[in-house]
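Source file: coords22.txt; contents: compact mmCIF, N, CA and C atoms.
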# COMPACT_ATOMS: atom_id res chain seq x y z
N MET Z 1 63.34 97.97 22.99
CA MET Z 1 63.51 96.59 23.45
C MET Z 1 62.40 96.22 24.45
N GLN Z 2 62.11 97.13 25.36
CA GLN Z 2 61.06 96.89 26.36
C GLN Z 2 59.72 96.60 25.69
N GLN Z 3 59.42 97.33 24.66
CA GLN Z 3 58.14 97.15 23.96
C GLN Z 3 58.07 95.78 23.29
N ILE Z 4 59.18 95.33 22.72
CA ILE Z 4 59.22 94.01 22.08
C ILE Z 4 59.00 92.92 23.11
N ILE Z 5 59.65 93.05 24.25
CA ILE Z 5 59.48 92.07 25.32
C ILE Z 5 58.03 92.03 25.78
N GLU Z 6 57.45 93.19 26.00
CA GLU Z 6 56.07 93.24 26.47
C GLU Z 6 55.08 92.67 25.46
N GLN Z 7 55.36 92.86 24.16
CA GLN Z 7 54.42 92.41 23.13
C GLN Z 7 54.56 90.94 22.77
N TYR Z 8 55.78 90.44 22.70
CA TYR Z 8 55.99 89.11 22.12
C TYR Z 8 56.50 88.04 23.09
N ALA Z 9 57.15 88.45 24.16
CA ALA Z 9 57.79 87.46 25.03
C ALA Z 9 56.80 86.48 25.65
N SER Z 10 55.66 86.96 26.09
CA SER Z 10 54.71 86.05 26.73
C SER Z 10 54.21 85.00 25.73
N TRP Z 11 54.02 85.40 24.47
CA TRP Z 11 53.60 84.44 23.44
C TRP Z 11 54.69 83.41 23.18
N ILE Z 12 55.91 83.87 23.08
CA ILE Z 12 57.03 82.95 22.81
C ILE Z 12 57.21 81.98 23.98
N LEU Z 13 57.13 82.50 25.20
CA LEU Z 13 57.28 81.63 26.38
C LEU Z 13 56.13 80.64 26.49
N ALA Z 14 54.92 81.08 26.18
CA ALA Z 14 53.77 80.17 26.21
C ALA Z 14 53.91 79.07 25.17
N LEU Z 15 54.34 79.43 23.96
CA LEU Z 15 54.55 78.42 22.91
C LEU Z 15 55.68 77.45 23.28
N SER Z 16 56.73 78.00 23.86
CA SER Z 16 57.84 77.15 24.29
C SER Z 16 57.40 76.15 25.36
N GLY Z 17 56.63 76.63 26.33
CA GLY Z 17 56.12 75.74 27.38
C GLY Z 17 55.18 74.68 26.83
N THR Z 18 54.34 75.07 25.89
CA THR Z 18 53.42 74.12 25.28
C THR Z 18 54.17 73.04 24.51
N ALA Z 19 55.21 73.45 23.79
CA ALA Z 19 56.02 72.48 23.05
C ALA Z 19 56.71 71.51 24.01
N ALA Z 20 57.22 72.03 25.12
CA ALA Z 20 57.89 71.17 26.10
C ALA Z 20 56.91 70.18 26.73
N ILE Z 21 55.69 70.63 27.01
CA ILE Z 21 54.68 69.73 27.56
C ILE Z 21 54.35 68.63 26.55
N TYR Z 22 54.33 68.97 25.28
CA TYR Z 22 54.12 67.96 24.23
C TYR Z 22 55.19 66.87 24.33
N PHE Z 23 56.45 67.28 24.51
CA PHE Z 23 57.54 66.30 24.59
C PHE Z 23 57.49 65.50 25.89
N VAL Z 24 57.00 66.11 26.97
CA VAL Z 24 56.79 65.34 28.20
C VAL Z 24 55.77 64.23 27.93
N GLY Z 25 54.73 64.57 27.19
CA GLY Z 25 53.73 63.57 26.82
C GLY Z 25 54.30 62.46 25.95
N ARG Z 26 55.37 62.76 25.25
CA ARG Z 26 56.08 61.76 24.43
C ARG Z 26 57.15 61.03 25.23
N LYS Z 27 57.14 61.25 26.54
CA LYS Z 27 58.05 60.58 27.49
C LYS Z 27 59.53 60.89 27.24
N GLN Z 28 59.80 62.15 26.95
CA GLN Z 28 61.17 62.63 26.79
C GLN Z 28 61.58 63.30 28.10
N ILE Z 29 62.50 62.68 28.82
CA ILE Z 29 62.86 63.18 30.15
C ILE Z 29 63.48 64.57 30.09
N TRP Z 30 64.19 64.89 29.02
CA TRP Z 30 64.83 66.20 28.89
C TRP Z 30 63.80 67.33 28.80
N ALA Z 31 62.57 67.02 28.48
CA ALA Z 31 61.54 68.07 28.38
C ALA Z 31 61.27 68.72 29.74
N TRP Z 32 61.46 67.96 30.83
CA TRP Z 32 61.31 68.56 32.16
C TRP Z 32 62.35 69.65 32.37
N LEU Z 33 63.56 69.44 31.88
CA LEU Z 33 64.62 70.45 32.00
C LEU Z 33 64.28 71.67 31.15
N TRP Z 34 63.73 71.43 29.96
CA TRP Z 34 63.30 72.53 29.09
C TRP Z 34 62.23 73.37 29.81
N LEU Z 35 61.27 72.70 30.44
CA LEU Z 35 60.22 73.42 31.16
C LEU Z 35 60.80 74.24 32.31
N THR Z 36 61.77 73.68 33.01
CA THR Z 36 62.38 74.41 34.12
C THR Z 36 63.11 75.64 33.61
N PHE Z 37 63.85 75.49 32.51
CA PHE Z 37 64.54 76.63 31.91
C PHE Z 37 63.51 77.68 31.46
N ASN Z 38 62.41 77.23 30.91
CA ASN Z 38 61.36 78.14 30.46
C ASN Z 38 60.82 78.96 31.64
N GLU Z 39 60.72 78.35 32.80
CA GLU Z 39 60.26 79.08 33.99
C GLU Z 39 61.27 80.14 34.42
N CYS Z 40 62.55 79.86 34.22
CA CYS Z 40 63.57 80.89 34.50
C CYS Z 40 63.35 82.10 33.59
N LEU Z 41 62.99 81.83 32.34
CA LEU Z 41 62.70 82.92 31.41
C LEU Z 41 61.43 83.68 31.82
N TRP Z 42 60.45 82.96 32.38
CA TRP Z 42 59.25 83.63 32.89
C TRP Z 42 59.60 84.57 34.04
N ILE Z 43 60.54 84.17 34.88
CA ILE Z 43 60.98 85.03 35.98
C ILE Z 43 61.63 86.30 35.42
N PHE Z 44 62.48 86.13 34.41
CA PHE Z 44 63.09 87.29 33.75
C PHE Z 44 62.01 88.20 33.17
N TYR Z 45 61.04 87.59 32.52
CA TYR Z 45 59.91 88.35 31.95
C TYR Z 45 59.17 89.11 33.05
N ALA Z 46 58.91 88.46 34.17
CA ALA Z 46 58.18 89.09 35.27
C ALA Z 46 58.93 90.29 35.82
N ILE Z 47 60.24 90.15 35.96
CA ILE Z 47 61.05 91.27 36.47
C ILE Z 47 61.09 92.41 35.46
N THR Z 48 61.26 92.06 34.19
CA THR Z 48 61.35 93.07 33.14
C THR Z 48 60.06 93.86 32.99
N THR Z 49 58.93 93.17 33.08
CA THR Z 49 57.64 93.84 32.88
C THR Z 49 56.99 94.28 34.20
N LYS Z 50 57.68 94.03 35.30
CA LYS Z 50 57.18 94.39 36.65
C LYS Z 50 55.85 93.72 36.96
N GLN Z 51 55.71 92.48 36.51
CA GLN Z 51 54.53 91.67 36.82
C GLN Z 51 54.98 90.54 37.77
N TYR Z 52 55.17 90.90 39.00
CA TYR Z 52 55.85 90.04 39.97
C TYR Z 52 55.06 88.79 40.35
N GLY Z 53 53.80 88.75 40.05
CA GLY Z 53 53.01 87.55 40.33
C GLY Z 53 53.50 86.34 39.55
N PHE Z 54 54.09 86.58 38.39
CA PHE Z 54 54.63 85.49 37.59
C PHE Z 54 55.79 84.78 38.30
N ILE Z 55 56.49 85.50 39.16
CA ILE Z 55 57.64 84.90 39.85
C ILE Z 55 57.18 83.76 40.74
N PHE Z 56 56.14 83.98 41.51
CA PHE Z 56 55.62 82.92 42.38
C PHE Z 56 55.20 81.71 41.56
N ALA Z 57 54.45 81.95 40.49
CA ALA Z 57 53.99 80.85 39.64
C ALA Z 57 55.17 80.10 39.03
N ALA Z 58 56.17 80.83 38.56
CA ALA Z 58 57.33 80.20 37.93
C ALA Z 58 58.10 79.34 38.93
N ILE Z 59 58.23 79.82 40.14
CA ILE Z 59 58.93 79.04 41.18
C ILE Z 59 58.13 77.78 41.50
N ALA Z 60 56.82 77.92 41.66
CA ALA Z 60 55.97 76.76 41.97
C ALA Z 60 56.04 75.73 40.85
N TYR Z 61 55.91 76.17 39.59
CA TYR Z 61 56.01 75.25 38.47
C TYR Z 61 57.39 74.59 38.41
N SER Z 62 58.43 75.36 38.67
CA SER Z 62 59.79 74.80 38.63
C SER Z 62 59.96 73.69 39.65
N ILE Z 63 59.41 73.88 40.84
CA ILE Z 63 59.50 72.84 41.87
C ILE Z 63 58.82 71.57 41.38
N VAL Z 64 57.65 71.70 40.79
CA VAL Z 64 56.94 70.53 40.25
C VAL Z 64 57.75 69.87 39.15
N TYR Z 65 58.32 70.67 38.23
CA TYR Z 65 59.09 70.11 37.11
C TYR Z 65 60.35 69.39 37.59
N ILE Z 66 61.04 69.97 38.56
CA ILE Z 66 62.26 69.34 39.07
C ILE Z 66 61.91 68.04 39.79
N ARG Z 67 60.86 68.04 40.58
CA ARG Z 67 60.44 66.81 41.27
C ARG Z 67 60.04 65.73 40.27
N SER Z 68 59.33 66.13 39.22
CA SER Z 68 58.92 65.17 38.20
C SER Z 68 60.12 64.61 37.46
N TYR Z 69 61.07 65.48 37.15
CA TYR Z 69 62.30 65.03 36.49
C TYR Z 69 63.02 64.00 37.36
N ARG Z 70 63.17 64.30 38.64
CA ARG Z 70 63.86 63.36 39.54
C ARG Z 70 63.09 62.05 39.66
N HIS Z 71 61.77 62.13 39.70
CA HIS Z 71 60.94 60.92 39.78
C HIS Z 71 61.12 60.08 38.52
N TRP Z 72 61.08 60.71 37.36
CA TRP Z 72 61.26 59.97 36.10
C TRP Z 72 62.65 59.36 36.04
N LYS Z 73 63.64 60.09 36.52
CA LYS Z 73 65.01 59.58 36.49
C LYS Z 73 65.13 58.33 37.38
N ASP Z 74 64.48 58.38 38.56
CA ASP Z 74 64.48 57.21 39.45
C ASP Z 74 63.76 56.03 38.80
N LEU Z 75 62.64 56.29 38.15
CA LEU Z 75 61.91 55.21 37.47
C LEU Z 75 62.75 54.60 36.36
N ASP Z 76 63.48 55.44 35.64
CA ASP Z 76 64.32 54.95 34.55
C ASP Z 76 65.44 54.06 35.08
N SER Z 77 66.06 54.45 36.20
CA SER Z 77 67.12 53.61 36.77
C SER Z 77 66.54 52.32 37.34
N ASP Z 78 65.34 52.38 37.94
CA ASP Z 78 64.69 51.16 38.43
C ASP Z 78 64.39 50.22 37.27
N ARG Z 79 63.93 50.77 36.17
CA ARG Z 79 63.59 49.97 35.00
C ARG Z 79 64.85 49.29 34.46
N SER Z 80 65.94 50.01 34.45
CA SER Z 80 67.19 49.44 33.96
C SER Z 80 67.66 48.30 34.86
N SER Z 81 67.55 48.49 36.17
CA SER Z 81 68.00 47.44 37.07
C SER Z 81 67.11 46.20 36.94
N TRP Z 82 65.81 46.40 36.78
CA TRP Z 82 64.91 45.26 36.58
C TRP Z 82 65.22 44.54 35.29
N ARG Z 83 65.53 45.29 34.24
CA ARG Z 83 65.88 44.66 32.96
C ARG Z 83 67.12 43.78 33.11
N SER Z 84 68.14 44.32 33.77
CA SER Z 84 69.36 43.53 33.93
C SER Z 84 69.11 42.32 34.83
N PHE Z 85 68.28 42.48 35.87
CA PHE Z 85 67.94 41.37 36.74
C PHE Z 85 67.22 40.26 35.96
N LEU Z 86 66.21 40.65 35.19
CA LEU Z 86 65.46 39.67 34.42
C LEU Z 86 66.32 39.03 33.34
N LYS Z 87 67.21 39.79 32.78
CA LYS Z 87 68.10 39.24 31.76
C LYS Z 87 69.01 38.16 32.39
N ARG Z 88 69.53 38.45 33.57
CA ARG Z 88 70.38 37.46 34.25
C ARG Z 88 69.61 36.20 34.58
N ILE Z 89 68.39 36.35 35.06
CA ILE Z 89 67.58 35.17 35.38
C ILE Z 89 67.28 34.38 34.11
N TRP Z 90 66.92 35.04 33.06
CA TRP Z 90 66.59 34.39 31.79
C TRP Z 90 67.80 33.62 31.27
N GLU Z 91 68.98 34.26 31.30
CA GLU Z 91 70.18 33.59 30.80
C GLU Z 91 70.55 32.40 31.69
N LYS Z 92 70.34 32.53 33.00
CA LYS Z 92 70.64 31.44 33.92
C LYS Z 92 69.75 30.24 33.64
N ASP Z 93 68.44 30.49 33.40
CA ASP Z 93 67.51 29.40 33.10
C ASP Z 93 67.84 28.74 31.77
N MET Z 94 68.33 29.51 30.83
CA MET Z 94 68.65 28.96 29.52
C MET Z 94 69.88 28.05 29.59
N VAL Z 95 70.80 28.34 30.50
CA VAL Z 95 72.02 27.53 30.63
C VAL Z 95 71.69 26.18 31.26
N LEU Z 96 70.76 26.15 32.19
CA LEU Z 96 70.41 24.90 32.86
C LEU Z 96 69.79 23.99 31.86
Output the structure of this file as structure tokens.
Amino acid sequence: MQQIIEQYASWILALSGTAAIYFVGRKQIWAWLWLTFNECLWIFYAITTKQYGFIFAAIAYSIVYIRSYRHWKDLDSDRSSWRSFLKRIWEKDMVL
């Protein structure tokens, strides 16, 4: 099992991260959560292979991903409130 992890896990995790970044580029907010989960797997990989430098990188990336997710979520709620505001104004002008 150890040999399989050492040979293939880094490739699988790299491909998974690349795919998630693709979906971030497609403006899919859930991709930030995928990236964060992927970093948890990198931490597991680092502990399993005793390559502890990956832990620092995974934590740093996770902080960026979580902050970006929260920022996008705030932007999405702001956009929704603006839409409802503009809709109300538009409907009000149409009634007059």
**OP:** Report the distance between atom CA of Z:Ile29 and atom C of Z:Ser77 in Å, rounded to one decimal place.
**Re:**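 Separation of atom CA of Z:Ile29 and atom C of Z:Ser77: 13.5 Å.
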**OP:** Tell me, in Å to one decimal, how far atom CA of Z:Trp90 is from atom CA of Z:Asp76.
**Re:**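 Distance reported for this atom pair: 20.9 Å.
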Subject >> Near-Z:Ala20 list (8 Å; only N, CA and C atoms; drop same-chain fewer than 4 positions) as a list in words >> reply: Ala14, Leu15, Ser16, Val24, Gly25, Arg26, Trp30, Ala31, Trp32, Trp34 and Leu35 of chain Z
Subject >> Point-to-point distance from atom C of Z:Ile47 to atom CA of Z:Ile59, Å rounded to tenths >> reply: 14.7 Å
Original post:
Nearest to Z:Ile5: which of Z:Tyr52, Z:Tyr45, Z:Tyr65, Z:Phe37 is it, counting all atoms listed in the file?
Top reply: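 Looking only at the distances to Z:Ile5, the closest residue turns out to be Z:Tyr45.
The nearest approach to Z:Tyr69 among the residues Z:Lys50, Z:Cys40, Z:Ala57, Z:Leu33, with all atoms listed in the file taken into account, belongs to Z:Leu33.
When all atoms listed in the file are used to compute distances to Z:Leu13, the closest of the residues Z:Leu75, Z:Leu41, Z:Met1, Z:Thr36 turns out to be Z:Leu41.
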